[in-house]
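Peer 1: Contents of model.cif (mmCIF, C-alpha atoms) are below:
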data_structure
#
loop_
_atom_site.group_PDB
_atom_site.id
_atom_site.type_symbol
_atom_site.label_atom_id
_atom_site.label_comp_id
_atom_site.auth_asym_id
_atom_site.auth_seq_id
_atom_site.Cartn_x
_atom_site.Cartn_y
_atom_site.Cartn_z
ATOM 1 C CA GLY I 25 125.194 133.977 73.537
ATOM 2 C CA GLY I 26 123.383 131.437 75.746
ATOM 3 C CA LYS I 27 123.601 127.668 75.475
ATOM 4 C CA THR I 28 121.617 126.299 72.527
ATOM 5 C CA GLU I 29 118.687 124.069 73.438
ATOM 6 C CA GLU I 30 119.073 120.585 71.967
ATOM 7 C CA ARG I 31 116.276 118.247 70.951
ATOM 8 C CA VAL I 32 118.049 115.343 72.667
ATOM 9 C CA ASN I 33 119.836 115.721 75.998
ATOM 10 C CA VAL I 34 121.877 113.011 77.713
ATOM 11 C CA VAL I 35 122.006 113.087 81.505
ATOM 12 C CA VAL I 36 124.213 110.609 83.368
ATOM 13 C CA ARG I 37 123.391 109.645 86.931
ATOM 14 C CA VAL I 38 126.155 107.760 88.735
ATOM 15 C CA ARG I 39 124.756 105.250 91.207
ATOM 16 C CA PRO I 40 126.384 105.155 94.654
ATOM 17 C CA MET I 41 128.400 102.024 95.441
ATOM 18 C CA ILE I 42 126.049 100.444 97.942
ATOM 19 C CA ARG I 43 126.729 96.707 97.704
ATOM 20 C CA ALA I 44 129.311 95.149 99.998
ATOM 21 C CA ASP I 45 131.145 93.514 97.088
ATOM 22 C CA GLU I 46 131.655 96.809 95.253
ATOM 23 C CA GLY I 47 134.432 98.007 97.531
ATOM 24 C CA GLY I 48 133.064 101.478 98.293
ATOM 25 C CA ALA I 49 133.865 104.860 96.764
ATOM 26 C CA ASP I 50 137.632 104.190 96.782
ATOM 27 C CA ASN I 51 137.094 101.391 94.264
ATOM 28 C CA MET I 52 135.155 103.520 91.751
ATOM 29 C CA ALA I 53 136.421 103.236 88.163
ATOM 30 C CA LEU I 54 135.033 106.671 87.246
ATOM 31 C CA GLN I 55 136.259 110.155 87.941
ATOM 32 C CA LEU I 56 133.642 112.920 87.785
ATOM 33 C CA ASP I 57 133.891 116.616 87.021
ATOM 34 C CA VAL I 58 130.351 117.716 87.825
ATOM 35 C CA ARG I 59 131.061 121.400 87.132
ATOM 36 C CA ARG I 60 132.089 120.669 83.535
ATOM 37 C CA ASP I 61 129.718 117.656 83.144
ATOM 38 C CA MET I 62 132.575 115.319 82.302
ATOM 39 C CA ILE I 63 133.374 111.716 83.235
ATOM 40 C CA TRP I 64 136.665 109.847 82.915
ATOM 41 C CA SER I 65 136.624 106.064 82.744
ATOM 42 C CA LEU I 66 139.757 104.972 84.597
ATOM 43 C CA GLY I 67 139.529 101.405 83.337
ATOM 44 C CA SER I 68 141.128 98.516 85.220
ATOM 45 C CA HIS I 69 144.529 96.864 85.545
ATOM 46 C CA GLU I 70 143.333 94.197 83.128
ATOM 47 C CA GLU I 71 143.134 96.858 80.424
ATOM 48 C CA ASP I 72 146.826 97.796 80.690
ATOM 49 C CA SER I 73 148.572 97.962 77.338
ATOM 50 C CA LYS I 74 151.086 95.307 76.235
ATOM 51 C CA ASP I 75 154.088 97.442 77.177
ATOM 52 C CA GLY I 76 153.011 97.424 80.813
ATOM 53 C CA LYS I 77 151.801 101.005 80.871
ATOM 54 C CA ALA I 78 148.237 101.786 81.922
ATOM 55 C CA LYS I 79 145.931 103.038 79.201
ATOM 56 C CA ALA I 80 144.947 106.712 79.322
ATOM 57 C CA PRO I 81 141.533 107.374 80.875
ATOM 58 C CA LYS I 82 138.662 107.759 78.407
ATOM 59 C CA GLN I 83 136.883 111.108 78.568
ATOM 60 C CA PHE I 84 133.148 111.633 78.028
ATOM 61 C CA VAL I 85 131.122 114.863 78.036
ATOM 62 C CA PHE I 86 127.374 114.957 78.690
ATOM 63 C CA ASP I 87 124.629 117.552 78.981
ATOM 64 C CA LYS I 88 124.589 116.917 82.732
ATOM 65 C CA VAL I 89 126.432 114.664 85.163
ATOM 66 C CA ILE I 90 124.705 113.888 88.465
ATOM 67 C CA PRO I 91 127.038 112.450 91.139
ATOM 68 C CA PRO I 92 126.204 109.551 93.488
ATOM 69 C CA ALA I 93 124.918 112.006 96.107
ATOM 70 C CA GLY I 94 122.444 113.521 93.618
ATOM 71 C CA ARG I 95 118.796 113.593 94.662
ATOM 72 C CA GLN I 96 115.703 112.398 92.787
ATOM 73 C CA GLU I 97 114.469 115.990 92.553
ATOM 74 C CA GLU I 98 117.683 117.058 90.839
ATOM 75 C CA VAL I 99 117.369 114.276 88.285
ATOM 76 C CA TYR I 100 113.805 115.316 87.469
ATOM 77 C CA ASP I 101 114.641 119.007 87.210
ATOM 78 C CA VAL I 102 117.522 118.553 84.751
ATOM 79 C CA ALA I 103 116.285 115.542 82.764
ATOM 80 C CA ALA I 104 112.496 115.762 82.602
ATOM 81 C CA LYS I 105 110.863 118.973 83.813
ATOM 82 C CA LYS I 106 111.199 120.968 80.565
ATOM 83 C CA ILE I 107 109.844 118.019 78.606
ATOM 84 C CA VAL I 108 106.869 117.625 80.951
ATOM 85 C CA ASP I 109 106.084 121.350 80.787
ATOM 86 C CA SER I 110 106.142 121.241 76.972
ATOM 87 C CA ILE I 111 103.477 118.510 76.879
ATOM 88 C CA LEU I 112 100.943 121.032 78.166
ATOM 89 C CA GLU I 113 101.729 123.193 75.116
ATOM 90 C CA GLY I 114 100.953 120.413 72.645
ATOM 91 C CA PHE I 115 104.425 118.925 72.115
ATOM 92 C CA THR I 116 105.531 115.298 72.145
ATOM 93 C CA GLY I 117 108.368 114.383 74.491
ATOM 94 C CA CYS I 118 110.164 111.334 75.799
ATOM 95 C CA VAL I 119 112.149 110.570 78.947
ATOM 96 C CA MET I 120 114.128 107.344 78.567
ATOM 97 C CA CYS I 121 116.171 105.504 81.218
ATOM 98 C CA TYR I 122 119.044 103.341 79.938
ATOM 99 C CA GLY I 123 121.710 101.389 81.809
ATOM 100 C CA GLN I 124 122.800 98.057 83.210
ATOM 101 C CA THR I 125 120.567 95.899 85.375
ATOM 102 C CA GLY I 126 120.796 97.164 88.941
ATOM 103 C CA ALA I 127 121.927 100.656 87.926
ATOM 104 C CA GLY I 128 118.775 102.247 89.340
ATOM 105 C CA LYS I 129 116.703 102.875 86.197
ATOM 106 C CA THR I 130 113.352 101.838 87.651
ATOM 107 C CA TYR I 131 114.088 103.620 90.950
ATOM 108 C CA THR I 132 114.903 106.821 89.061
ATOM 109 C CA LEU I 133 111.971 106.673 86.674
ATOM 110 C CA ALA I 134 109.142 104.694 88.255
ATOM 111 C CA ASN I 135 109.621 104.714 92.038
ATOM 112 C CA GLU I 136 106.088 105.093 93.413
ATOM 113 C CA LYS I 137 107.008 106.602 96.778
ATOM 114 C CA LEU I 138 106.006 110.199 97.451
ATOM 115 C CA GLY I 139 108.340 112.818 98.897
ATOM 116 C CA PRO I 140 112.104 112.957 98.316
ATOM 117 C CA GLU I 141 112.282 109.461 96.793
ATOM 118 C CA ALA I 142 109.536 110.006 94.205
ATOM 119 C CA GLY I 143 110.594 108.988 90.712
ATOM 120 C CA VAL I 144 110.285 110.934 87.471
ATOM 121 C CA MET I 145 106.811 109.553 86.734
ATOM 122 C CA ILE I 146 105.306 110.634 90.064
ATOM 123 C CA ARG I 147 106.898 114.081 89.770
ATOM 124 C CA ALA I 148 105.541 114.417 86.222
ATOM 125 C CA PHE I 149 102.041 113.588 87.471
ATOM 126 C CA GLU I 150 102.338 116.237 90.181
ATOM 127 C CA ASP I 151 103.527 118.936 87.758
ATOM 128 C CA ILE I 152 100.916 118.153 85.097
ATOM 129 C CA PHE I 153 97.916 118.105 87.417
ATOM 130 C CA THR I 154 99.120 121.149 89.383
ATOM 131 C CA ALA I 155 99.349 123.113 86.130
ATOM 132 C CA ILE I 156 95.900 121.907 85.049
ATOM 133 C CA GLU I 157 94.379 122.875 88.384
ATOM 134 C CA GLN I 158 95.869 126.363 88.200
ATOM 135 C CA ASP I 159 94.723 126.999 84.605
ATOM 136 C CA GLN I 160 91.206 128.461 84.708
ATOM 137 C CA GLU I 161 91.097 129.343 80.996
ATOM 138 C CA HIS I 162 91.311 125.871 79.440
ATOM 139 C CA THR I 163 89.806 122.428 79.853
ATOM 140 C CA TYR I 164 91.966 119.318 79.821
ATOM 141 C CA ASP I 165 91.589 115.633 79.108
ATOM 142 C CA VAL I 166 94.351 113.281 80.276
ATOM 143 C CA GLN I 167 94.522 109.677 79.082
ATOM 144 C CA MET I 168 97.101 107.084 80.147
ATOM 145 C CA ALA I 169 98.324 103.781 78.720
ATOM 146 C CA TYR I 170 101.095 101.427 79.809
ATOM 147 C CA VAL I 171 102.717 98.888 77.486
ATOM 148 C CA GLN I 172 105.467 96.287 77.849
ATOM 149 C CA ILE I 173 107.818 95.023 75.144
ATOM 150 C CA TYR I 174 109.330 91.599 75.770
ATOM 151 C CA LEU I 175 110.981 89.391 73.144
ATOM 152 C CA ASP I 176 109.562 91.652 70.394
ATOM 153 C CA GLU I 177 106.009 91.136 71.665
ATOM 154 C CA LEU I 178 103.740 93.887 72.998
ATOM 155 C CA SER I 179 101.476 93.484 76.009
ATOM 156 C CA ASP I 180 99.003 95.852 77.639
ATOM 157 C CA LEU I 181 100.031 96.316 81.274
ATOM 158 C CA LEU I 182 96.582 97.688 82.165
ATOM 159 C CA ASN I 183 94.729 94.782 80.550
ATOM 160 C CA PRO I 184 97.131 91.892 79.827
ATOM 161 C CA GLN I 185 94.474 89.899 77.943
ATOM 162 C CA ASN I 186 94.389 92.482 75.153
ATOM 163 C CA ASP I 187 95.983 91.757 71.789
ATOM 164 C CA VAL I 188 98.247 94.755 71.128
ATOM 165 C CA GLN I 189 99.485 95.216 67.575
ATOM 166 C CA ILE I 190 101.556 97.811 65.724
ATOM 167 C CA ARG I 191 99.780 99.381 62.764
ATOM 168 C CA GLU I 192 100.790 101.960 60.188
ATOM 169 C CA ASP I 193 98.518 104.476 58.491
ATOM 170 C CA PRO I 194 99.464 107.044 55.799
ATOM 171 C CA LYS I 195 97.788 109.814 57.808
ATOM 172 C CA LEU I 196 98.168 108.633 61.420
ATOM 173 C CA GLY I 197 101.633 107.171 61.055
ATOM 174 C CA ILE I 198 102.624 104.288 63.348
ATOM 175 C CA PHE I 199 100.224 103.517 66.199
ATOM 176 C CA LEU I 200 99.079 100.706 68.490
ATOM 177 C CA THR I 201 95.735 98.924 68.407
ATOM 178 C CA GLY I 202 94.152 97.007 71.279
ATOM 179 C CA LEU I 203 95.720 99.215 73.949
ATOM 180 C CA THR I 204 93.761 100.290 77.036
ATOM 181 C CA TRP I 205 93.610 104.040 77.667
ATOM 182 C CA ARG I 206 92.529 105.146 81.133
ATOM 183 C CA PRO I 207 91.263 108.667 81.920
ATOM 184 C CA ALA I 208 93.067 110.425 84.766
ATOM 185 C CA ASN I 209 92.109 113.700 86.451
ATOM 186 C CA SER I 210 94.345 113.640 89.524
ATOM 187 C CA VAL I 211 97.751 112.552 90.784
ATOM 188 C CA GLN I 212 96.079 109.825 92.823
ATOM 189 C CA ILE I 213 94.369 108.268 89.800
ATOM 190 C CA ALA I 214 97.564 108.508 87.734
ATOM 191 C CA LYS I 215 99.455 106.804 90.562
ATOM 192 C CA GLY I 216 96.844 104.035 90.540
ATOM 193 C CA VAL I 217 97.372 103.464 86.815
ATOM 194 C CA LEU I 218 101.140 103.292 87.338
ATOM 195 C CA ALA I 219 100.786 100.903 90.294
ATOM 196 C CA GLN I 220 98.455 98.583 88.381
ATOM 197 C CA GLY I 221 100.813 98.462 85.413
ATOM 198 C CA ASN I 222 103.850 97.825 87.594
ATOM 199 C CA TYR I 223 102.000 95.023 89.402
ATOM 200 C CA ASN I 224 101.002 93.372 86.104
ATOM 201 C CA ARG I 225 104.564 93.759 84.814
ATOM 202 C CA ALA I 226 105.983 91.978 87.858
ATOM 203 C CA THR I 227 103.278 89.288 87.728
ATOM 204 C CA ALA I 228 103.874 88.639 84.026
ATOM 205 C CA SER I 229 107.610 88.348 84.601
ATOM 206 C CA THR I 230 107.029 85.702 87.284
ATOM 207 C CA GLY I 231 104.680 83.793 84.994
ATOM 208 C CA MET I 232 107.176 83.806 82.130
ATOM 209 C CA ASN I 233 110.026 82.844 84.469
ATOM 210 C CA ALA I 234 111.686 86.059 83.264
ATOM 211 C CA ASP I 235 113.072 89.049 85.093
ATOM 212 C CA SER I 236 111.224 92.334 84.466
ATOM 213 C CA SER I 237 114.653 93.889 83.896
ATOM 214 C CA ARG I 238 114.677 92.068 80.547
ATOM 215 C CA SER I 239 111.584 93.889 79.298
ATOM 216 C CA HIS I 240 110.970 97.460 78.179
ATOM 217 C CA ALA I 241 108.050 99.371 79.705
ATOM 218 C CA VAL I 242 106.522 102.541 78.239
ATOM 219 C CA LEU I 243 104.076 104.729 80.166
ATOM 220 C CA MET I 244 102.174 107.135 77.908
ATOM 221 C CA MET I 245 100.246 110.254 78.886
ATOM 222 C CA GLN I 246 98.173 112.092 76.291
ATOM 223 C CA VAL I 247 97.102 115.582 77.334
ATOM 224 C CA THR I 248 94.421 117.372 75.300
ATOM 225 C CA LYS I 249 94.072 121.094 76.021
ATOM 226 C CA LYS I 250 90.930 122.912 74.808
ATOM 227 C CA GLY I 251 89.978 126.564 74.920
ATOM 228 C CA GLY I 252 90.505 129.523 72.640
ATOM 229 C CA PRO I 253 91.148 129.130 68.908
ATOM 230 C CA ARG I 254 93.155 125.905 69.108
ATOM 231 C CA THR I 255 93.029 122.431 70.602
ATOM 232 C CA LEU I 256 96.485 121.200 71.631
ATOM 233 C CA LYS I 257 97.438 117.545 72.004
ATOM 234 C CA GLY I 258 100.636 116.675 73.826
ATOM 235 C CA MET I 259 102.088 113.210 74.380
ATOM 236 C CA LEU I 260 104.575 112.177 77.042
ATOM 237 C CA TYR I 261 106.455 108.873 76.784
ATOM 238 C CA MET I 262 108.351 107.634 79.844
ATOM 239 C CA VAL I 263 110.452 104.590 78.990
ATOM 240 C CA ASP I 264 112.075 102.128 81.385
ATOM 241 C CA LEU I 265 114.418 100.191 79.094
ATOM 242 C CA ALA I 266 115.582 96.641 79.670
ATOM 243 C CA GLY I 267 118.960 96.257 81.344
ATOM 244 C CA SER I 268 121.900 96.681 78.991
ATOM 245 C CA GLU I 269 124.748 94.384 79.976
ATOM 246 C CA ARG I 270 127.270 95.482 77.303
#
Please lay out the structure from this file as structure tokens.
Peer 2:
Amino acid sequence: GGKTEERVNVVVRVRPMIRADEGGADNMALQLDVRRDMIWSLGSHEEDSKDGKAKAPKQFVFDKVIPPAGRQEEVYDVAAKKIVDSILEGFTGCVMCYGQTGAGKTYTLANEKLGPEAGVMIRAFEDIFTAIEQDQEHTYDVQMAYVQIYLDELSDLLNPQNDVQIREDPKLGIFLTGLTWRPANSVQIAKGVLAQGNYNRATASTGMNADSSRSHAVLMMQVTKKGGPRTLKGMLYMVDLAGSER
């Protein structure tokens, strides 16, 4: 009689109104019901119908609604933790951040600070390497890659000079060639890979006279678990999508 687990879950995080021109919480066009994971879009006066009456609010239901006061830890626990845990059991999982520019996607996913402000990526590193350290019965190999997609072109954020191409194989399926994979055996090394990729992403955006918010970035972690009768390979994709302005 419990709630059925879905393959795809949608979690909405509502950013606090922090800019001076946003008018504060009293000017919010959304009404939240966190207990029932529902959001009503109240619209604006410009959307009033022709007869002068305001349109009815639009109702949306999600797997989880996190209010403006929600913490980074809460976001990770409801949106990513189960996915991260499954990687160690040989599954493939993806955490994807989508929203308008300035909505807080990169802060939520890729913030490099430790402690309460740590983003999903840092928290995933901590959980993965803590689990590996505590498991005395298996050996692990962790490899990381970081790729950017901009104007339909792929670039290696760990080695921007590389020529990254999409290939398809009848047995392997779709895969990337020319991508740098870095071994990682600790949170600190994984953080270094993330920091290097983020630096190259920002540098490339400056060189192209383009904002990094207009590019997609995908951090990949492949975890190979050996020991016993089987070798398990899990893959975690963490995707910071370009800003959606529609």
Peer 1: What residues come out when you apply the PyMOL selection byres ((chain I and resi 181-196) around 7) to this file, written as an mmCIF file with C-alpha atoms, in the coordinates of the input?
Peer 2:
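Result saved to out25.cif:
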data_model
loop_
_atom_site.group_PDB
_atom_site.id
_atom_site.type_symbol
_atom_site.label_atom_id
_atom_site.label_comp_id
_atom_site.auth_asym_id
_atom_site.auth_seq_id
_atom_site.Cartn_x
_atom_site.Cartn_y
_atom_site.Cartn_z
ATOM 1 C CA TYR I 170 101.095 101.427 79.809
ATOM 2 C CA VAL I 171 102.717 98.888 77.486
ATOM 3 C CA GLN I 172 105.467 96.287 77.849
ATOM 4 C CA LEU I 178 103.740 93.887 72.998
ATOM 5 C CA SER I 179 101.476 93.484 76.009
ATOM 6 C CA ASP I 180 99.003 95.852 77.639
ATOM 7 C CA GLY I 197 101.633 107.171 61.055
ATOM 8 C CA ILE I 198 102.624 104.288 63.348
ATOM 9 C CA PHE I 199 100.224 103.517 66.199
ATOM 10 C CA LEU I 200 99.079 100.706 68.490
ATOM 11 C CA THR I 201 95.735 98.924 68.407
ATOM 12 C CA GLY I 202 94.152 97.007 71.279
ATOM 13 C CA LEU I 203 95.720 99.215 73.949
ATOM 14 C CA THR I 204 93.761 100.290 77.036
ATOM 15 C CA GLN I 220 98.455 98.583 88.381
ATOM 16 C CA GLY I 221 100.813 98.462 85.413
ATOM 17 C CA ASN I 224 101.002 93.372 86.104
ATOM 18 C CA ARG I 225 104.564 93.759 84.814
#
Peer 1: Could you pull the residues within 8 Å of stretch 140-152 of chain I, counting only C-alpha atoms, minus those fewer than 3 positions along the same chain, as a VMD selection string?
Peer 2: chain I and resid 95 to 97 99 to 100 104 to 105 108 to 109 112 131 to 137 155 to 156 210 to 211 214 to 215 262
Peer 1: Which residues, named as in the file, does the PyMOL selection byres ((chain I and resi 122) around 6) pick out? Answer as a ChimeraX atom specification.
Peer 2: /I:121,123,265
Peer 1: Do you have the atom CA of I:Leu66-atom CA of I:Val34 distance handy?
Peer 2: 20.8 Å
Peer 1: Between atom CA of I:Ile107 and atom CA of I:Trp205, what distance in Å does the model show, to one decimal?
Peer 2: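 About the pair atom CA of I:Ile107 and atom CA of I:Trp205: they are 21.4 Å apart.
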Peer 1: Please determine the residues with any atom at most 7 Å from (105.5, 112.4, 72.9) (coordinates as given in the file, with only C-alpha atoms counting) and report them as a list in words.
Peer 2: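 The residues that fall inside the cut-off are Phe115, Thr116, Gly117, Cys118, Gly258, Met259, Leu260 and Tyr261 of chain I.
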Peer 1: When you draw a straight line from atom CA of I:Leu138 to atom CA of I:Arg238, how long is it in Å?
Peer 2: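 Pair atom CA of I:Leu138 / atom CA of I:Arg238 returns 26.3 Å.
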Peer 1: Got a sec: who's within 10 Å of I:Gln55, counting all atoms listed in the file, leaving out chain neighbours fewer than 4 positions off, as a PyMOL selection string?
Peer 2: chain I and resi 62-66+81+83
Peer 1: Output the selection as a tab-separated table (two decimals), in the coordinates of the input - C-alpha atoms for each residue.
Peer 2:
chain	number	residue	atom	x	y	z
I	62	MET	CA	132.57	115.32	82.30
I	63	ILE	CA	133.37	111.72	83.24
I	64	TRP	CA	136.66	109.85	82.92
I	65	SER	CA	136.62	106.06	82.74
I	66	LEU	CA	139.76	104.97	84.60
I	81	PRO	CA	141.53	107.37	80.88
I	83	GLN	CA	136.88	111.11	78.57
Peer 1: Around stretch 169-185 of chain I, with edges along x, y and z and 4 Å added on all six sides, what centre and edge lengths do you get, in Å to one decimal, as JSON?
Peer 2:
{"center_x": 102.7, "center_y": 96.6, "center_z": 76.3, "size_x": 24.5, "size_y": 22.4, "size_z": 19.8}
Peer 1: As a list of chain:residue names, please: the residues near I:Gly252 (cut-off 12 Å, only C-alpha atoms, same-chain neighbours under 6 positions excluded).
Peer 2: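 Near neighbours after the sequence-gap exclusion: I:Glu161, I:His162, I:Thr163.
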Peer 1: Could you turn the residues from that selection into a file that holds C-alpha atoms, as a PDB file, in the frame of the given file?
Peer 2:
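Generated file (out-v9.pdb):
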ATOM      1  CA  GLU I 161      91.097 129.343  80.996  1.00  0.00           C
ATOM      2  CA  HIS I 162      91.311 125.871  79.440  1.00  0.00           C
ATOM      3  CA  THR I 163      89.806 122.428  79.853  1.00  0.00           C
TER       4      THR I 163
END
Peer 1: In terms of the shortest atom-to-atom distance over all atoms listed in the file, which of I:Thr130, I:Arg206, I:Lys88, I:Arg31 is closest to I:Ala266?
Peer 2: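 Ranked by minimum distance to I:Ala266, first place goes to I:Thr130.
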Peer 1: Would you please work out which residue, of I:Asn209, I:Asn33, I:Met244, I:Ala93, is nearest to I:Lys106 when using all atoms listed in the file?
Peer 2: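 Of the candidates, the smallest distance to I:Lys106 is held by I:Asn33.
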Peer 1: Take the point (121.4, 107.4, 84.2) in the file's coordinates, draw a sphere of radius 8 Å around it, and report as a VMD selection string every protein, DNA or RNA residue with an atom inside or on it, counting all atoms listed in the file.
Peer 2: chain I and resid 35 to 38 121 to 123 127 to 129
Peer 1: Give me, as a PyMOL selection string, all polymer residues having an atom no more than 6 Å from I:Leu256, counting only C-alpha atoms and skipping those fewer than 2 positions away in the same chain.
Peer 2: chain I and resi 114+248-249
Peer 1: Rank I:Met41, I:Ile213, I:Ala241, I:Val58 by their smallest atom-to-atom distance to I:Glu177, using only C-alpha atoms, and report the top residue only.
Peer 2: I:Ala241
Peer 1: Once the PyMOL selection byres ((chain I and resi 60) around 9) has been applied to the shown file, what residues remain in the selection, as a PyMOL selection string?
Peer 2: chain I and resi 56-59+61-62+85-86+88-89
Peer 1: Check the smallest atom-to-atom distance from each of I:Ala169, I:Tyr164, I:Thr227, I:Ile90 to I:Gly251 using all atoms listed in the file, then report the winner.
Peer 2: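 Of I:Ala169, I:Tyr164, I:Thr227, I:Ile90, the one nearest I:Gly251 is I:Tyr164, counting all atoms listed in the file.
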